[in-house]
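Structure file entry03.txt (compact mmCIF, C-alpha atoms and all ligand atoms) follows.
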```txt
# COMPACT_ATOMS: atom_id res chain seq x y z
CA MET A 1 99.57 98.08 104.67
CA ASP A 2 98.48 99.76 101.47
CA GLU A 3 101.02 100.65 98.86
CA ALA A 4 101.75 104.35 98.40
CA GLN A 5 99.69 106.03 95.74
CA THR A 6 102.53 106.70 93.41
CA THR A 7 100.59 108.55 90.74
CA GLY A 8 101.86 112.08 90.65
CA THR A 9 104.55 113.98 92.39
CA VAL A 10 103.81 116.19 95.36
CA PHE A 11 107.27 117.79 95.74
CA ARG A 12 110.11 118.06 93.29
CA VAL A 13 113.35 119.77 94.26
CA SER A 14 116.47 120.18 92.16
CA GLY A 15 119.90 121.55 92.86
CA LEU A 16 118.81 122.75 96.27
CA THR A 17 121.38 124.64 98.31
CA ARG A 18 121.10 126.53 101.59
CA VAL A 19 123.88 128.57 103.06
CA TYR A 20 123.54 130.07 106.53
CA ARG A 21 125.69 133.11 107.20
CA THR A 22 126.35 134.13 110.78
CA GLY A 23 128.83 137.01 110.81
CA ALA A 24 131.87 135.79 108.92
CA VAL A 25 130.94 132.13 109.30
CA GLU A 26 129.22 130.29 106.47
CA VAL A 27 127.52 126.93 106.90
CA GLN A 28 126.55 124.94 103.81
CA ALA A 29 123.47 123.22 105.20
CA LEU A 30 122.34 121.84 101.81
CA ARG A 31 124.79 121.14 98.99
CA GLY A 32 122.72 120.25 95.96
CA VAL A 33 119.70 118.14 96.84
CA ASP A 34 117.57 116.53 94.12
CA LEU A 35 114.45 114.73 95.27
CA ALA A 36 110.93 113.89 94.12
CA LEU A 37 108.25 112.81 96.58
CA ALA A 38 105.17 110.99 95.38
CA GLU A 39 101.60 111.73 96.39
CA GLY A 40 100.59 109.57 99.33
CA GLU A 41 104.11 108.51 100.15
CA LEU A 42 105.37 108.10 103.72
CA VAL A 43 109.06 109.00 103.70
CA VAL A 44 111.45 108.76 106.62
CA LEU A 45 114.34 111.21 106.39
CA LEU A 46 117.34 109.96 108.35
CA GLY A 47 120.77 111.42 108.94
CA ALA A 48 123.27 112.53 111.53
CA SER A 49 122.84 115.73 113.46
CA GLY A 50 123.62 118.69 111.24
CA SER A 51 123.16 116.77 107.98
CA GLY A 52 120.46 119.17 106.75
CA LYS A 53 117.24 117.29 107.49
CA SER A 54 115.39 120.13 109.21
CA THR A 55 116.65 122.62 106.67
CA LEU A 56 115.21 120.53 103.84
CA LEU A 57 111.92 120.00 105.70
CA ASN A 58 111.55 123.72 106.41
CA ILE A 59 112.12 124.58 102.75
CA LEU A 60 109.55 121.99 101.61
CA GLY A 61 107.06 123.46 104.05
CA GLY A 62 107.65 127.03 102.94
CA LEU A 63 109.07 128.05 106.31
CA ASP A 64 112.43 128.88 104.75
CA ARG A 65 113.78 129.64 101.30
CA PRO A 66 116.80 128.02 99.68
CA SER A 67 119.92 129.88 98.59
CA GLY A 68 119.79 128.14 95.21
CA GLY A 69 117.89 125.50 93.28
CA ARG A 70 114.20 125.03 92.65
CA VAL A 71 111.27 123.66 94.63
CA PHE A 72 107.94 122.66 93.12
CA PHE A 73 104.79 121.75 95.01
CA ARG A 74 102.78 119.93 92.33
CA GLN A 75 102.73 122.47 89.47
CA THR A 76 103.60 125.51 91.60
CA GLU A 77 107.18 126.70 91.87
CA LEU A 78 107.62 127.72 95.51
CA THR A 79 110.98 129.28 94.76
CA ARG A 80 109.19 131.89 92.64
CA ALA A 81 106.36 132.49 95.08
CA SER A 82 105.92 135.82 96.87
CA ASP A 83 105.99 135.80 100.67
CA ARG A 84 102.24 136.13 100.63
CA ALA A 85 101.83 133.15 98.29
CA LEU A 86 104.23 131.09 100.41
CA THR A 87 102.16 131.85 103.50
CA ALA A 88 99.00 130.80 101.65
CA PHE A 89 100.75 127.58 100.55
CA ARG A 90 101.61 126.74 104.17
CA ARG A 91 98.15 127.56 105.41
CA ASP A 92 96.27 125.64 102.73
CA HIS A 93 98.48 122.64 102.06
CA VAL A 94 100.92 121.86 104.88
CA GLY A 95 100.53 120.36 108.33
CA PHE A 96 103.53 120.56 110.64
CA VAL A 97 104.35 118.38 113.63
CA PHE A 98 107.40 119.24 115.72
CA GLN A 99 109.24 117.51 118.52
CA PHE A 100 107.57 119.71 121.12
CA TYR A 101 103.85 119.91 120.83
CA ASN A 102 103.22 123.65 121.25
CA LEU A 103 99.69 123.18 122.56
CA VAL A 104 97.91 126.06 124.27
CA PRO A 105 97.86 124.95 127.94
CA SER A 106 94.63 126.75 128.84
CA LEU A 107 92.64 125.04 126.06
CA THR A 108 91.34 121.46 125.94
CA ALA A 109 92.45 119.02 123.25
CA ARG A 110 89.28 119.77 121.28
CA GLU A 111 89.79 123.54 121.61
CA ASN A 112 93.44 123.29 120.55
CA VAL A 113 92.33 121.55 117.35
CA ALA A 114 89.42 123.96 116.86
CA LEU A 115 91.88 126.87 116.72
CA VAL A 116 92.91 125.52 113.33
CA THR A 117 89.57 124.25 112.06
CA GLU A 118 88.01 127.67 112.59
CA ILE A 119 90.30 129.26 110.03
CA ALA A 120 90.76 126.37 107.56
CA ARG A 121 88.91 126.19 104.26
CA HIS A 122 87.66 122.59 104.30
CA PRO A 123 88.43 121.28 107.78
CA MET A 124 87.25 118.11 109.40
CA ARG A 125 85.50 118.45 112.74
CA PRO A 126 87.93 118.59 115.70
CA GLU A 127 86.25 115.47 117.03
CA GLU A 128 86.99 113.55 113.83
CA ALA A 129 90.64 114.65 113.86
CA LEU A 130 91.02 113.54 117.47
CA GLU A 131 89.29 110.23 116.81
CA ARG A 132 91.68 109.55 113.92
CA VAL A 133 94.63 109.72 116.33
CA GLY A 134 92.92 107.57 118.96
CA LEU A 135 91.97 110.36 121.34
CA GLY A 136 88.20 110.22 121.03
CA ALA A 137 87.91 109.65 124.77
CA ARG A 138 90.24 112.48 125.79
CA MET A 139 88.83 115.46 123.90
CA ASP A 140 88.01 117.55 126.94
CA HIS A 141 91.33 117.06 128.69
CA PHE A 142 93.80 119.89 129.05
CA PRO A 143 97.39 119.31 127.86
CA ALA A 144 98.64 118.98 131.46
CA GLU A 145 96.22 116.07 131.91
CA LEU A 146 97.66 114.19 128.93
CA SER A 147 100.86 112.15 128.55
CA GLY A 148 103.59 113.32 126.19
CA GLY A 149 102.46 110.86 123.53
CA GLU A 150 98.85 111.98 123.89
CA GLN A 151 99.86 115.62 123.62
CA GLN A 152 101.78 114.80 120.46
CA ARG A 153 98.69 113.08 119.08
CA VAL A 154 96.69 116.24 119.77
CA ALA A 155 99.36 118.12 117.81
CA ILE A 156 98.94 115.61 114.96
CA ALA A 157 95.13 116.03 115.10
CA ARG A 158 95.65 119.79 114.91
CA ALA A 159 97.96 119.38 111.91
CA ILE A 160 95.61 117.08 109.97
CA ALA A 161 92.31 118.78 110.82
CA LYS A 162 92.66 121.17 107.91
CA ARG A 163 93.14 118.18 105.56
CA PRO A 164 96.63 119.16 104.44
CA ASP A 165 98.12 117.65 101.29
CA VAL A 166 101.40 117.07 103.07
CA LEU A 167 102.35 116.42 106.66
CA LEU A 168 105.88 117.41 107.64
CA CYS A 169 107.11 115.99 110.95
CA ASP A 170 110.39 116.98 112.58
CA GLU A 171 111.42 114.43 115.22
CA PRO A 172 107.81 113.70 116.22
CA THR A 173 108.90 110.97 118.62
CA GLY A 174 112.11 112.69 119.73
CA ALA A 175 110.83 113.47 123.22
CA LEU A 176 109.04 110.17 123.76
CA ASP A 177 109.92 106.72 125.05
CA SER A 178 109.51 103.76 122.74
CA ALA A 179 106.01 102.63 123.80
CA THR A 180 104.59 106.16 123.64
CA GLY A 181 106.43 106.90 120.43
CA VAL A 182 104.84 103.84 118.83
CA GLN A 183 101.37 105.28 119.51
CA VAL A 184 102.41 108.49 117.77
CA LEU A 185 103.74 106.52 114.79
CA GLU A 186 100.47 104.57 114.67
CA ALA A 187 98.58 107.85 114.45
CA LEU A 188 100.84 109.07 111.64
CA THR A 189 100.69 105.85 109.61
CA ALA A 190 96.89 105.73 110.02
CA VAL A 191 96.54 109.28 108.69
CA ASN A 192 98.83 108.46 105.78
CA ALA A 193 96.92 105.27 104.92
CA ASP A 194 93.38 106.58 105.51
CA LEU A 195 93.67 110.10 104.11
CA GLY A 196 96.54 109.55 101.66
CA THR A 197 98.44 112.48 103.15
CA ALA A 198 102.00 112.54 101.83
CA THR A 199 104.19 112.49 104.93
CA VAL A 200 107.84 113.29 105.53
CA MET A 201 109.18 112.32 108.91
CA VAL A 202 112.60 113.52 110.03
CA THR A 203 114.22 111.36 112.69
CA HIS A 204 117.53 110.33 114.19
CA ASN A 205 115.99 107.03 115.02
CA ALA A 206 116.96 104.41 112.44
CA ALA A 207 114.47 101.86 113.85
CA ILE A 208 111.63 103.98 112.52
CA ARG A 209 112.79 103.48 108.93
CA GLN A 210 110.89 100.20 108.74
CA ILE A 211 107.44 101.79 108.89
CA ALA A 212 108.05 103.95 105.80
CA HIS A 213 107.40 103.38 102.12
CA ARG A 214 110.73 104.98 101.44
CA VAL A 215 113.85 105.94 103.38
CA VAL A 216 116.04 108.87 102.40
CA ARG A 217 119.34 109.27 104.23
CA MET A 218 121.15 112.59 104.33
CA GLY A 219 124.77 113.31 105.11
CA ASP A 220 126.68 116.56 104.90
CA GLY A 221 123.90 118.44 103.14
CA GLN A 222 123.40 115.80 100.46
CA ILE A 223 121.29 112.74 99.83
CA LYS A 224 123.44 109.70 100.46
CA ALA A 225 120.85 106.96 100.01
CA ASP A 226 117.28 106.71 98.78
CA GLU A 227 115.61 103.32 99.13
CA ARG A 228 112.12 101.90 98.97
CA ASN A 229 111.13 99.39 101.65
CA GLU A 230 110.10 96.08 100.09
CA THR A 231 108.12 95.24 103.19
CA ARG A 232 106.98 97.55 105.92
CA LEU A 233 106.52 96.94 109.61
CA GLU A 234 103.60 98.12 111.69
CA PRO A 235 104.68 100.67 114.29
CA ARG A 236 103.94 98.19 117.10
CA GLU A 237 106.56 95.86 115.60
CA VAL A 238 109.23 98.55 116.03
CA SER A 239 111.02 99.38 119.25
CA TRP A 240 114.05 101.39 120.31
N1 LIG A 301 119.47 129.30 111.56
C1 LIG A 301 120.70 128.78 111.38
N2 LIG A 301 121.79 129.59 111.37
C2 LIG A 301 123.02 129.08 111.15
N3 LIG A 301 123.28 127.77 110.92
C3 LIG A 301 122.23 126.94 110.93
C4 LIG A 301 120.89 127.40 111.15
N4 LIG A 301 120.06 126.33 111.09
C5 LIG A 301 120.83 125.26 110.83
N5 LIG A 301 122.13 125.61 110.74
C6 LIG A 301 123.27 124.73 110.43
O1 LIG A 301 122.98 124.05 109.22
C7 LIG A 301 123.38 122.68 109.29
C8 LIG A 301 122.19 121.78 109.04
O2 LIG A 301 121.26 121.94 110.10
P1 LIG A 301 119.88 121.13 110.20
O3 LIG A 301 119.16 121.65 111.40
O4 LIG A 301 119.19 121.17 108.90
O5 LIG A 301 120.41 119.65 110.44
P2 LIG A 301 119.63 118.37 110.98
O6 LIG A 301 120.08 117.23 110.14
O7 LIG A 301 118.16 118.65 111.02
O8 LIG A 301 120.21 118.24 112.44
P3 LIG A 301 119.53 117.71 113.80
O9 LIG A 301 119.30 116.25 113.56
O10 LIG A 301 120.57 117.97 114.84
O11 LIG A 301 118.27 118.49 114.00
C9 LIG A 301 124.01 122.51 110.66
O12 LIG A 301 125.40 122.65 110.53
C10 LIG A 301 123.43 123.65 111.47
O13 LIG A 301 124.30 124.04 112.48
```

Will you turn the file into structure tokens for me?
Ligand SMILES: Nc1ncnc2c1ncn2[C@@H]1O[C@H](COP(=O)(O)OP(=O)(O)OP(=O)(O)O)[C@@H](O)[C@H]1O
Amino acid sequence: MDEAQTTGTVFRVSGLTRVYRTGAVEVQALRGVDLALAEGELVVLLGASGSGKSTLLNILGGLDRPSGGRVFFRQTELTRASDRALTAFRRDHVGFVFQFYNLVPSLTARENVALVTEIARHPMRPEEALERVGLGARMDHFPAELSGGEQQRVAIARAIAKRPDVLLCDEPTGALDSATGVQVLEALTAVNADLGTATVMVTHNAAIRQIAHRVVRMGDGQIKADERNETRLEPREVSW
């Protein structure tokens, strides 16, 4: 596979903290995270349950704000952005993929993707997005007529159709068996390689680490390890 385009930094975070307060209880979800992610990089974010992976991903994507520290997307400091600017950042630059696909059941695959392309600034055609994830032959199927892995690939097509600069995936294979999950990983690695979309993939599944350019491991709200893979495996070489 191609090397990551390492010119330039897409995200830079420093001293990031996030405290959740529920009544009298305080949870320190992030305890000082420093991280820079390169343009075009495919990063797998590993860590035990509760280690802060989703919290970090949500802050990168502008879905949440940190309690302290700074976050930059390229030259823009997200931690200084107004709510309106943060919404515009999400809309224009970020694609999200979650564990559950959140497709509209009464719309076909093509129509689910078109919901996004109709409001994006420079979208690809829904057909192109679906072809990129290997669903060219299933465009007129409804979600109930698709397998879990196919539905997740529709969700990926929906996320990439607006040509986001970054793709943030939270447990994208979490609900899938190994063979189906591999197809989803193939779609994600193809998008990363073909479009150069910087991708962060949160997972519990350590086997998936081998498909990444880089593996970041979190523990207890901190980064415990940050390693570059010397060699990468194709998704079909991975199983769990
Ligand atoms: N909205 C919230 N309110 C209160 N505490 C929260 C909230 N969201 C997360 N937490 C707590 O913050 C910590 C980090 O949670 P986070 O979801 O980021 O971890 P994670 O590594 O993604 O876990 P998992 O792998 O189980 O999804 C956990 O202790 C969690 O219980």

Worksheet, complete the sentence: Counting all atoms listed in the file, closest pick from A:Thr76, A:Ser82, A:Ser14, A:Gln99 relative to ligand LIG 301 (chain A) is A:Gln99

Fill in: Neighbourhood of ligand LIG 301 (chain A) at 10 Å, counting only C-alpha atoms and all ligand atoms, reported as a PyMOL selection string
chain A and resi 18-23+25-30+45-59+64+170-171+202-205+217-221

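Between Ala38 (chain A) and the candidates A:Val10, A:Leu60, A:Ala159, A:Ala137, the tightest atom-to-atom separation, counting all atoms listed in the file, involves A:Val10.
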
Worksheet item: Do you know which residues are at most 7 Å from Lys162 (chain A) counting all atoms listed in the file, after dropping those on the same chain fewer than 4 positions away, and could you put them as a ChimeraX atom specification?
Response: /A:116-117,120,122-124

Item to complete: Tell me which of A:Asp83, A:Asp92, A:Glu150, A:Asp194 sits closest to Gly40 (chain A), counting only C-alpha atoms.
Response: A:Asp194

Just need the box for region 54-62 of chain A, edges along x, y and z, holding every atom the file lists for it with 6 Å tacked onto each side, so centre and edge lengths in Å to one decimal, as JSON.
```
{"center_x": 111.9, "center_y": 123.5, "center_z": 105.4, "size_x": 21.6, "size_y": 19.0, "size_z": 19.6}
```

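Note that the spacing between CA of Glu186 (chain A) and CA of Leu130 (chain A) amounts to 13.3 Å.
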
Fill in: Counting only C-alpha atoms, the option among A:Arg209, A:Arg110, A:Arg74, A:Arg84 closest to Gln151 (chain A)
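Under the stated criterion, the closest residue is A:Arg110.
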
Fill in: Test item: residues at most 9 Å from Val215 (chain A), all atoms listed in the file, excluding those fewer than 5 positions along its chain, as a ChimeraX atom specification
/A:42-46,209-210,225-229

Discussion item. What does the structure give for the distance between CA of Ala161 (chain A) and CA of Pro105 (chain A), in Å to one decimal?
Written reply: 19.0 Å

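Coordinates place CA of Arg214 (chain A) at a distance of 22.4 Å from CA of Val133 (chain A).
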
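With all atoms listed in the file as the atoms that count, the residue of A:Arg138, A:His213, A:Ser147, A:Gly62 with the shortest distance to Thr87 (chain A) is A:Gly62.
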
Worksheet item: Counting all atoms listed in the file, which of A:Ile160, A:Asn192, A:Ser106, A:Asp34 gets nearest to Ala129 (chain A)?
Response: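 Of A:Ile160, A:Asn192, A:Ser106, A:Asp34, the one nearest Ala129 (chain A) is A:Ile160, counting all atoms listed in the file.
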